[in-house]
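K.L.:
Got a structure for you, input-v7.cif, holding mmCIF, C-alpha atoms.
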```cif
data_target
#
loop_
_atom_site.label_atom_id
_atom_site.label_comp_id
_atom_site.auth_asym_id
_atom_site.auth_seq_id
_atom_site.Cartn_x
_atom_site.Cartn_y
_atom_site.Cartn_z
CA MET A 1 -40.92 -7.84 -21.73
CA TRP A 2 -39.44 -4.39 -21.13
CA ARG A 3 -41.38 -2.29 -18.67
CA LYS A 4 -40.61 0.95 -16.92
CA GLU A 5 -39.07 -1.12 -14.07
CA THR A 6 -36.75 -2.98 -16.42
CA VAL A 7 -34.35 -0.15 -17.18
CA PRO A 8 -33.69 0.64 -13.50
CA ARG A 9 -32.98 -3.05 -12.84
CA VAL A 10 -30.53 -3.13 -15.72
CA MET A 11 -28.92 0.06 -14.40
CA VAL A 12 -28.47 -1.57 -10.99
CA ILE A 13 -26.64 -4.51 -12.58
CA VAL A 14 -24.46 -2.23 -14.72
CA SER A 15 -23.67 0.09 -11.80
CA MET A 16 -21.84 -2.68 -9.96
CA SER A 17 -18.95 -2.40 -12.41
CA LEU A 18 -18.94 1.39 -12.84
CA ARG A 19 -16.88 4.07 -11.18
CA GLN A 20 -18.80 5.81 -8.44
CA ARG A 21 -18.78 9.06 -10.41
CA ASP A 22 -20.68 7.31 -13.20
CA VAL A 23 -23.14 5.90 -10.70
CA PHE A 24 -23.89 9.46 -9.61
CA SER A 25 -24.80 10.24 -13.22
CA LEU A 26 -27.16 7.27 -13.35
CA LEU A 27 -29.12 8.75 -10.47
CA LEU A 28 -30.24 11.49 -12.84
CA VAL A 29 -31.54 9.19 -15.58
CA SER A 30 -35.04 8.84 -14.14
CA PRO A 31 -36.94 8.71 -10.84
CA TRP A 32 -37.11 4.91 -11.20
CA CYS A 33 -33.33 4.65 -11.59
CA TYR A 34 -32.86 6.97 -8.66
CA ARG A 35 -35.03 4.85 -6.36
CA SER A 36 -33.58 1.55 -7.58
CA LEU A 37 -29.98 2.64 -7.12
CA LEU A 38 -30.62 4.13 -3.70
CA ALA A 39 -32.08 0.81 -2.63
CA GLN A 40 -28.76 -0.93 -3.38
CA SER A 41 -27.00 -0.38 -0.07
CA THR A 42 -23.73 -1.93 -1.31
CA LEU A 43 -23.28 0.97 -3.75
CA TRP A 44 -23.07 3.44 -0.90
CA LYS A 45 -20.56 1.68 1.33
CA ALA A 46 -17.74 3.54 -0.44
CA LEU A 47 -17.16 7.20 -1.27
CA ASP A 48 -14.57 8.05 -3.91
CA LEU A 49 -13.63 11.75 -4.08
CA ARG A 50 -10.01 11.35 -5.13
CA GLU A 51 -8.44 14.14 -7.19
CA MET A 52 -11.65 16.19 -7.15
CA ASN A 53 -11.99 19.89 -6.45
CA LYS A 54 -13.73 21.29 -3.35
CA VAL A 55 -13.55 17.88 -1.73
CA GLY A 56 -14.09 19.24 1.77
CA GLU A 57 -17.52 20.59 0.82
CA LYS A 58 -18.40 17.44 -1.13
CA LEU A 59 -17.42 15.20 1.78
CA ILE A 60 -19.63 17.13 4.19
CA SER A 61 -22.50 17.12 1.71
CA ALA A 62 -22.21 13.39 1.01
CA LEU A 63 -22.07 12.29 4.63
CA SER A 64 -25.20 14.33 5.37
CA LEU A 65 -27.15 11.93 3.11
CA PRO A 66 -28.83 8.91 4.75
CA ARG A 67 -27.51 6.54 2.10
CA TYR A 68 -23.96 6.90 3.43
CA CYS A 69 -24.89 5.83 6.95
CA GLY A 70 -22.59 2.89 7.68
CA ILE A 71 -20.01 3.79 5.03
CA LYS A 72 -16.90 1.58 5.06
CA ASP A 73 -14.46 3.13 2.59
CA ILE A 74 -13.56 6.78 1.93
CA ASN A 75 -10.94 7.75 -0.65
CA LEU A 76 -9.77 11.38 -0.56
CA GLU A 77 -6.44 10.78 -2.33
CA PHE A 78 -4.84 13.99 -3.62
CA ALA A 79 -7.74 16.14 -2.47
CA GLN A 80 -5.57 19.21 -2.06
CA ASP A 81 -8.18 21.41 -0.38
CA ILE A 82 -9.15 18.99 2.40
CA GLY A 83 -8.00 20.21 5.80
CA ASP A 84 -8.30 19.54 9.53
CA GLY A 85 -11.44 21.67 9.71
CA HIS A 86 -13.30 19.43 7.29
CA LEU A 87 -12.29 16.27 9.14
CA VAL A 88 -13.20 17.72 12.51
CA HIS A 89 -16.58 18.83 11.13
CA VAL A 90 -17.58 15.48 9.61
CA THR A 91 -16.30 13.39 12.52
CA THR A 92 -18.22 15.58 14.97
CA LYS A 93 -21.46 16.03 13.05
CA PHE A 94 -21.63 12.62 11.35
CA SER A 95 -19.83 10.41 13.86
CA GLY A 96 -22.64 7.86 13.70
CA SER A 97 -22.10 7.35 9.97
CA LEU A 98 -18.38 6.76 10.49
CA GLN A 99 -18.56 4.13 13.20
CA CYS A 100 -18.22 1.35 10.62
CA LEU A 101 -15.51 3.01 8.48
CA GLU A 102 -12.78 0.48 7.71
CA SER A 103 -10.60 2.24 5.13
CA LEU A 104 -9.51 5.87 4.80
CA ASN A 105 -7.15 7.15 2.11
CA LEU A 106 -5.65 10.60 2.79
CA ASN A 107 -2.70 10.21 0.39
CA GLY A 108 -1.40 13.57 -0.78
CA CYS A 109 -3.71 15.53 1.53
CA GLN A 110 -0.91 17.82 2.64
CA ARG A 111 -2.99 20.20 4.73
CA ILE A 112 -3.89 17.50 7.24
CA THR A 113 -2.06 17.70 10.58
CA ASP A 114 -2.07 15.69 13.81
CA ALA A 115 -5.35 17.39 14.75
CA GLY A 116 -7.11 15.97 11.71
CA VAL A 117 -5.76 12.47 12.34
CA GLN A 118 -6.89 12.70 15.96
CA ALA A 119 -10.44 13.54 14.87
CA VAL A 120 -10.49 10.60 12.46
CA ALA A 121 -9.02 8.12 14.94
CA TYR A 122 -11.51 9.05 17.65
CA ALA A 123 -14.53 8.79 15.35
CA CYS A 124 -13.52 5.63 13.43
CA PRO A 125 -12.75 2.84 15.93
CA LYS A 126 -13.17 0.07 13.31
CA LEU A 127 -10.57 1.47 10.94
CA LYS A 128 -8.48 -1.31 9.38
CA ALA A 129 -6.62 0.54 6.61
CA PHE A 130 -5.16 4.03 6.96
CA SER A 131 -3.03 5.72 4.31
CA ILE A 132 -1.54 9.22 4.49
CA TYR A 133 1.26 9.18 1.93
CA TRP A 134 3.31 12.34 1.28
CA ASN A 135 2.42 14.35 4.37
CA VAL A 136 5.23 16.20 6.14
CA ARG A 137 2.98 17.79 8.76
CA ILE A 138 1.99 14.78 10.80
CA THR A 139 4.26 13.55 13.58
CA ASP A 140 4.46 10.72 16.09
CA THR A 141 1.41 12.28 17.74
CA SER A 142 -0.76 11.02 14.88
CA VAL A 143 0.42 7.48 15.42
CA LYS A 144 -0.32 7.82 19.14
CA HIS A 145 -3.92 8.67 18.29
CA LEU A 146 -4.21 5.76 15.88
CA VAL A 147 -2.93 3.14 18.33
CA LYS A 148 -5.14 4.56 21.08
CA PHE A 149 -8.46 4.52 19.24
CA CYS A 150 -8.05 2.21 16.20
CA LYS A 151 -7.07 -1.21 17.51
CA ASP A 152 -7.81 -3.18 14.33
CA ILE A 153 -5.48 -1.54 11.81
CA THR A 154 -3.79 -4.08 9.55
CA THR A 155 -2.74 -1.80 6.66
CA LEU A 156 -0.73 1.35 7.37
CA ASN A 157 0.88 3.66 4.81
CA LEU A 158 3.12 6.41 6.21
CA SER A 159 5.15 6.83 3.02
CA GLY A 160 6.83 10.23 2.83
CA CYS A 161 5.84 11.22 6.37
CA LYS A 162 9.31 12.54 7.13
CA ASN A 163 8.58 13.62 10.70
CA ILE A 164 7.76 10.10 11.84
CA SER A 165 10.47 8.75 14.17
CA ASP A 166 11.35 5.51 15.94
CA GLN A 167 8.79 6.45 18.58
CA SER A 168 6.06 5.69 16.07
CA LEU A 169 7.61 2.33 15.26
CA TYR A 170 7.64 1.44 18.96
CA LEU A 171 3.93 2.27 19.18
CA ILE A 172 3.09 0.33 16.02
CA ALA A 173 5.09 -2.70 17.14
CA GLU A 174 3.39 -2.85 20.52
CA ASN A 175 -0.17 -2.16 19.37
CA PHE A 176 -0.54 -3.44 15.80
CA LYS A 177 0.89 -6.94 16.09
CA ALA A 178 -1.54 -8.21 13.44
CA LEU A 179 -0.25 -5.70 10.88
CA ASP A 180 -0.38 -7.08 7.34
CA GLU A 181 1.00 -4.19 5.25
CA LEU A 182 3.39 -1.39 6.25
CA ASN A 183 4.85 1.33 4.04
CA LEU A 184 7.66 3.46 5.52
CA THR A 185 9.05 4.87 2.27
CA ARG A 186 11.25 7.92 2.83
CA CYS A 187 10.58 8.14 6.58
CA ILE A 188 14.13 9.36 6.94
CA LYS A 189 14.26 9.71 10.75
CA LEU A 190 13.96 5.96 11.33
CA THR A 191 16.87 3.88 12.62
CA ASP A 192 17.79 0.23 13.03
CA VAL A 193 16.41 0.26 16.57
CA GLY A 194 12.89 1.15 15.46
CA LEU A 195 12.86 -1.20 12.49
CA ARG A 196 14.07 -4.12 14.63
CA ARG A 197 11.17 -3.52 17.00
CA ILE A 198 8.73 -3.79 14.08
CA LEU A 199 10.33 -6.93 12.67
CA LEU A 200 10.36 -8.71 16.02
CA ASN A 201 6.74 -7.90 16.89
CA CYS A 202 4.72 -7.62 13.66
CA LEU A 203 5.22 -11.21 12.61
CA HIS A 204 2.20 -11.35 10.30
CA LEU A 205 3.53 -8.78 7.84
CA ARG A 206 3.04 -9.80 4.22
CA SER A 207 4.08 -6.50 2.62
CA LEU A 208 6.91 -4.22 3.79
CA ASN A 209 8.05 -1.16 1.85
CA LEU A 210 11.37 0.37 2.94
CA TYR A 211 12.02 2.26 -0.29
CA ALA A 212 14.68 5.01 -0.19
CA LEU A 213 15.81 4.36 3.39
CA SER A 214 19.59 4.21 3.17
CA SER A 215 20.41 4.39 6.89
CA PHE A 216 19.32 0.87 7.88
CA THR A 217 22.01 -1.79 8.22
CA ASP A 218 22.26 -5.57 8.45
CA ASN A 219 21.72 -5.20 12.19
CA ALA A 220 18.06 -4.59 11.36
CA TYR A 221 17.79 -6.49 8.07
CA ARG A 222 18.76 -9.78 9.72
CA GLU A 223 15.49 -9.70 11.68
CA LEU A 224 13.56 -9.96 8.41
CA SER A 225 14.05 -13.71 8.80
CA SER A 226 11.28 -13.56 11.43
CA LEU A 227 8.66 -12.64 8.81
CA LYS A 228 7.62 -16.07 7.62
CA HIS A 229 4.55 -14.75 5.76
CA LEU A 230 6.32 -11.93 3.89
CA ARG A 231 5.44 -11.79 0.18
CA PHE A 232 6.43 -8.24 -0.89
CA LEU A 233 9.67 -6.51 0.14
CA ASP A 234 11.01 -3.25 -1.29
CA LEU A 235 14.58 -2.39 -0.27
CA CYS A 236 15.36 0.01 -3.12
CA GLY A 237 18.30 2.19 -2.11
CA ALA A 238 19.36 0.02 0.85
CA GLN A 239 22.98 1.03 0.48
CA ASN A 240 24.14 -0.76 3.64
CA LEU A 241 22.55 -4.10 2.83
CA THR A 242 25.23 -6.77 2.38
CA ASP A 243 25.25 -10.41 1.39
CA GLY A 244 25.01 -11.22 5.10
CA GLY A 245 21.73 -9.37 5.33
CA LEU A 246 20.44 -11.10 2.19
CA SER A 247 21.19 -14.49 3.70
CA HIS A 248 18.68 -13.72 6.46
CA ILE A 249 16.11 -12.44 3.96
CA SER A 250 16.38 -15.78 2.16
CA ALA A 251 14.48 -17.28 5.10
CA CYS A 252 11.33 -15.55 3.80
CA LYS A 253 10.21 -18.59 1.80
CA ASP A 254 6.90 -17.05 0.61
CA LEU A 255 8.52 -13.98 -0.96
CA ILE A 256 7.19 -13.29 -4.46
CA SER A 257 8.36 -9.69 -5.02
CA LEU A 258 11.82 -8.39 -4.09
CA ASN A 259 13.19 -4.98 -5.08
CA LEU A 260 16.97 -4.68 -4.55
CA THR A 261 17.47 -1.69 -6.86
CA TRP A 262 20.68 0.19 -5.99
CA CYS A 263 21.61 -2.20 -3.18
CA VAL A 264 25.19 -1.63 -4.25
CA LEU A 265 26.97 -3.93 -1.76
CA VAL A 266 25.14 -7.04 -2.93
CA THR A 267 27.08 -9.70 -4.87
CA ASP A 268 26.47 -13.17 -6.27
CA VAL A 269 26.98 -14.63 -2.79
CA GLY A 270 23.86 -12.98 -1.45
CA MET A 271 21.84 -13.67 -4.58
CA VAL A 272 22.72 -17.38 -4.46
CA ALA A 273 21.22 -17.44 -0.94
CA ILE A 274 18.08 -15.72 -2.24
CA ALA A 275 17.82 -18.14 -5.15
CA GLU A 276 18.08 -21.14 -2.84
CA GLY A 277 15.66 -19.80 -0.23
CA CYS A 278 13.04 -17.84 -2.17
CA SER A 279 11.86 -20.28 -4.81
CA SER A 280 8.51 -18.52 -5.37
CA LEU A 281 9.91 -15.22 -6.67
CA GLU A 282 7.85 -13.66 -9.44
CA LEU A 283 9.44 -10.18 -9.54
CA LEU A 284 13.09 -9.37 -8.90
CA SER A 285 14.90 -6.07 -9.47
CA LEU A 286 18.70 -5.93 -9.36
CA PHE A 287 18.88 -2.55 -11.09
CA GLY A 288 22.26 -0.86 -10.67
CA ILE A 289 24.03 -3.68 -8.83
CA VAL A 290 27.45 -4.16 -10.42
CA GLY A 291 28.49 -7.00 -8.09
CA VAL A 292 26.21 -9.62 -9.62
CA THR A 293 27.13 -11.76 -12.63
CA ASP A 294 25.71 -14.51 -14.81
CA LYS A 295 26.16 -16.86 -11.85
CA CYS A 296 23.30 -15.04 -10.19
CA LEU A 297 20.94 -15.75 -13.11
CA GLU A 298 22.06 -19.34 -13.37
CA ASN A 299 21.21 -20.01 -9.73
CA LEU A 300 17.91 -18.21 -10.03
CA SER A 301 17.02 -20.35 -13.05
CA VAL A 302 17.42 -23.48 -10.97
CA SER A 303 14.95 -22.47 -8.27
CA CYS A 304 12.74 -19.79 -9.85
CA SER A 305 12.60 -20.77 -13.50
CA ARG A 306 8.86 -21.50 -13.40
CA THR A 307 7.80 -18.57 -11.24
CA LEU A 308 9.87 -15.55 -12.31
CA THR A 309 7.94 -13.27 -14.69
CA THR A 310 9.69 -9.91 -14.18
CA LEU A 311 13.46 -9.41 -13.98
CA ASP A 312 15.33 -6.08 -14.02
CA VAL A 313 19.10 -6.31 -14.48
CA ASN A 314 19.52 -2.87 -16.02
CA GLY A 315 22.93 -1.52 -15.07
CA CYS A 316 24.21 -4.93 -13.93
CA VAL A 317 27.35 -4.78 -16.07
CA GLY A 318 28.53 -8.19 -14.86
CA ILE A 319 25.54 -9.88 -16.49
CA LYS A 320 26.09 -10.37 -20.21
CA ARG A 321 23.47 -9.58 -22.82
CA ARG A 322 21.11 -12.50 -23.43
CA THR A 323 19.02 -13.31 -26.45
CA ARG A 324 15.29 -13.78 -26.06
CA GLY A 325 15.67 -17.50 -26.64
CA GLU A 326 18.39 -17.89 -24.02
CA LEU A 327 16.37 -16.01 -21.41
CA LEU A 328 13.23 -18.00 -22.07
CA ARG A 329 15.18 -21.22 -21.63
CA LEU A 330 16.28 -19.99 -18.21
CA PHE A 331 12.91 -18.49 -17.28
CA PRO A 332 10.11 -19.90 -19.46
CA ASN A 333 7.42 -17.64 -17.95
CA LEU A 334 9.41 -14.41 -18.23
CA GLN A 335 7.19 -11.56 -19.45
CA CYS A 336 9.28 -8.48 -18.68
CA LEU A 337 13.07 -8.16 -18.78
CA LYS A 338 15.22 -5.03 -18.54
CA VAL A 339 18.93 -5.26 -19.40
CA HIS A 340 21.83 -2.85 -19.73
CA SER A 341 22.75 -1.55 -23.17
#
```
If you took the structure in this file and wrote it as structure tokens, what would it be?

P.N.:
Amino acid sequence: MWRKETVPRVMVIVSMSLRQRDVFSLLLVSPWCYRSLLAQSTLWKALDLREMNKVGEKLISALSLPRYCGIKDINLEFAQDIGDGHLVHVTTKFSGSLQCLESLNLNGCQRITDAGVQAVAYACPKLKAFSIYWNVRITDTSVKHLVKFCKDITTLNLSGCKNISDQSLYLIAENFKALDELNLTRCIKLTDVGLRRILLNCLHLRSLNLYALSSFTDNAYRELSSLKHLRFLDLCGAQNLTDGGLSHISACKDLISLNLTWCVLVTDVGMVAIAEGCSSLELLSLFGIVGVTDKCLENLSVSCSRTLTTLDVNGCVGIKRRTRGELLRLFPNLQCLKVHS
């Protein structure tokens, strides 16, 4: 029988699959809904303010509410107005509420500087995932604060942080040995020396993004063989990667996603090594590589025919056009294929 308590109970069940913004709307349905939803502590472990306006004010307002005490996940992605002042304010005034924070997304928050990162690091000792993509203001100083106060970080995204240098990689390698995911896309000041330090110390890495970093050479890439748990590797634009470097990457037996787009020195020799070593590949991009031929696909079909679902050979002029039937015979589970015209 439907009673006045029934609707709030239904709302609680429905709210588990809704966006947080929709949950906020449910609070206004009735006093019963309001009380029922507030009683569900799991709903208030995360705060999603991404792409909103006046996020600084909303963050301060939200953290002042008792229901967010013990929050674990805050997403401020592309909150353009958020600045150091807001972070300093909330970490000072609501430090108790942030003691359990495990994940913070500051992607695209371009007004944040080292001072803001310092405030966050000091107030959030249990942080496990930190992302600050596309920020050219932070420097190695931010990483110093993170390694000093946040000992449990396993996911770190510094994509587009162009002022990060090898000094940060030294700090990460020495302090975050349990690192699981690392994104260094377009951190253009990095060199082989820094990357080698990471690869020789962070042996638990499962995801490594080195997109658009053309300065690295085989001197660093050969150390990728140390990453026995690696599953995702993005080397798009690795213009100095040769077949020799690929032969070391082939030691990553658990690799399921490999992006070699515009790795222009690669040939069939390197791809044969990958085919023989990485038999679990599900996604492979060879976009723009003119040195690979049909031999590459033939070898891949021997080892990866049952696993490969996405293959990009657009611009690989040495690979002839294949019919749908031919490709499915080579790779029965293929779902996405891109070829040159």

K.L.:
Hey, what's within 10 Å of Leu227 in chain A if we count all atoms listed in the file and toss same-chain stuff fewer than 3 positions away? As JSON, numbers by chain, please?

P.N.:
{"A": [199, 200, 201, 202, 203, 204, 205, 206, 207, 208, 223, 224, 230, 231, 249, 251, 252, 253, 254, 255]}

K.L.:
Pick out the closest residue to Arg222 in chain A from this set: A:Leu235, A:Leu241, A:Cys304, A:Ala46. Count all atoms listed in the file.

P.N.:
A:Leu241

K.L.:
Give me the result of the PyMOL selection byres ((chain A and resi 272-289) around 8) on this file, residue by residue, as an NGL selection string.

P.N.:
:A and (246-247 or 249-271 or 290-292 or 296 or 299-300 or 302-304 or 307-316)

K.L.:
Just so the selection is clear, what residues does the PyMOL selection byres ((chain A and resi 86) around 9) cover here, as a list in words?

P.N.:
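Checking the PyMOL selection byres ((chain A and resi 86) around 9) against this file, the residues are Gly56, Glu57, Leu59, Ile60, Ile82, Gly83, Asp84, Gly85, Leu87, Val88, His89, Val90, Thr91 and Gly116 of chain A.
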
K.L.:
Name every residue that the PyMOL selection byres ((chain A and resi 39) around 12) selects in this structure, writing the answer as a list in words with chains first and numbers rising.

P.N.:
Pro8, Arg9, Val12, Leu27, Trp32, Cys33, Tyr34, Arg35, Ser36, Leu37, Leu38, Gln40, Ser41, Thr42, Leu43, Trp44, Pro66, Arg67 and Tyr68 of chain A

K.L.:
Taking only C-alpha atoms into account, which of A:Tyr221, A:Phe216, A:Phe94, A:Tyr133 comes nearest Asn107 in chain A?

P.N.:
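Result for the nearest residue to Asn107 in chain A: A:Tyr133.
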
K.L.:
Looking at only C-alpha atoms, which of A:Arg137, A:Arg19, A:Lys126, A:Lys45 is the one that sits closest to Phe149 in chain A?

P.N.:
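Comparing A:Arg137, A:Arg19, A:Lys126, A:Lys45 against Phe149 in chain A, the winner is A:Lys126.
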
K.L.:
Because some atoms of range 150-160 of chain A are absent here, can you restore all heavy atoms and send them as a compact mmCIF listing (two decimals), in the coordinates of the input?

P.N.:
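Generated file (selection-v1.txt):
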```txt
# COMPACT_ATOMS: atom_id res chain seq x y z
N CYS A 150 -7.80 3.13 17.33
CA CYS A 150 -8.05 2.21 16.20
C CYS A 150 -7.23 0.93 16.41
O CYS A 150 -6.11 0.82 15.92
CB CYS A 150 -7.68 2.87 14.88
SG CYS A 150 -8.50 4.46 14.60
N LYS A 151 -7.80 -0.02 17.10
CA LYS A 151 -7.07 -1.21 17.51
C LYS A 151 -6.95 -2.27 16.41
O LYS A 151 -6.17 -3.22 16.56
CB LYS A 151 -7.76 -1.84 18.73
CG LYS A 151 -7.93 -0.90 19.92
CD LYS A 151 -6.60 -0.47 20.49
CE LYS A 151 -6.79 0.36 21.76
NZ LYS A 151 -5.50 0.80 22.33
N ASP A 152 -7.74 -2.11 15.33
CA ASP A 152 -7.81 -3.18 14.33
C ASP A 152 -7.05 -2.89 13.04
O ASP A 152 -7.24 -3.58 12.04
CB ASP A 152 -9.27 -3.46 13.98
CG ASP A 152 -10.09 -3.91 15.18
OD1 ASP A 152 -9.51 -4.61 16.03
OD2 ASP A 152 -11.27 -3.55 15.27
N ILE A 153 -6.19 -1.89 13.04
CA ILE A 153 -5.48 -1.54 11.81
C ILE A 153 -4.54 -2.66 11.38
O ILE A 153 -3.72 -3.15 12.17
CB ILE A 153 -4.70 -0.22 11.98
CG1 ILE A 153 -5.68 0.96 11.96
CG2 ILE A 153 -3.65 -0.05 10.88
CD1 ILE A 153 -5.03 2.33 12.06
N THR A 154 -4.67 -3.06 10.11
CA THR A 154 -3.79 -4.08 9.55
C THR A 154 -3.00 -3.56 8.34
O THR A 154 -2.04 -4.20 7.92
CB THR A 154 -4.60 -5.32 9.11
OG1 THR A 154 -5.60 -4.92 8.18
CG2 THR A 154 -5.25 -5.99 10.31
N THR A 155 -3.44 -2.41 7.79
CA THR A 155 -2.74 -1.80 6.66
C THR A 155 -2.43 -0.35 7.01
O THR A 155 -3.34 0.44 7.28
CB THR A 155 -3.60 -1.85 5.38
OG1 THR A 155 -3.87 -3.21 5.05
CG2 THR A 155 -2.87 -1.18 4.22
N LEU A 156 -1.14 0.00 6.98
CA LEU A 156 -0.73 1.35 7.37
C LEU A 156 0.30 1.88 6.39
O LEU A 156 1.35 1.27 6.18
CB LEU A 156 -0.14 1.32 8.79
CG LEU A 156 0.26 2.66 9.41
CD1 LEU A 156 -0.94 3.60 9.52
CD2 LEU A 156 0.89 2.44 10.79
N ASN A 157 -0.02 3.03 5.78
CA ASN A 157 0.88 3.66 4.81
C ASN A 157 1.29 5.02 5.33
O ASN A 157 0.49 5.96 5.37
CB ASN A 157 0.17 3.79 3.45
CG ASN A 157 1.10 4.36 2.38
OD1 ASN A 157 2.24 4.75 2.66
ND2 ASN A 157 0.62 4.41 1.15
N LEU A 158 2.55 5.14 5.73
CA LEU A 158 3.12 6.41 6.21
C LEU A 158 4.20 6.91 5.26
O LEU A 158 5.06 7.70 5.64
CB LEU A 158 3.71 6.21 7.61
CG LEU A 158 2.73 5.76 8.70
CD1 LEU A 158 3.47 5.45 9.99
CD2 LEU A 158 1.67 6.82 8.95
N SER A 159 4.15 6.47 4.02
CA SER A 159 5.15 6.83 3.02
C SER A 159 5.31 8.34 2.90
O SER A 159 4.33 9.07 2.74
CB SER A 159 4.74 6.26 1.66
OG SER A 159 5.60 6.73 0.64
N GLY A 160 6.55 8.81 2.99
CA GLY A 160 6.83 10.23 2.83
C GLY A 160 6.52 11.08 4.04
O GLY A 160 6.67 12.31 3.98
```
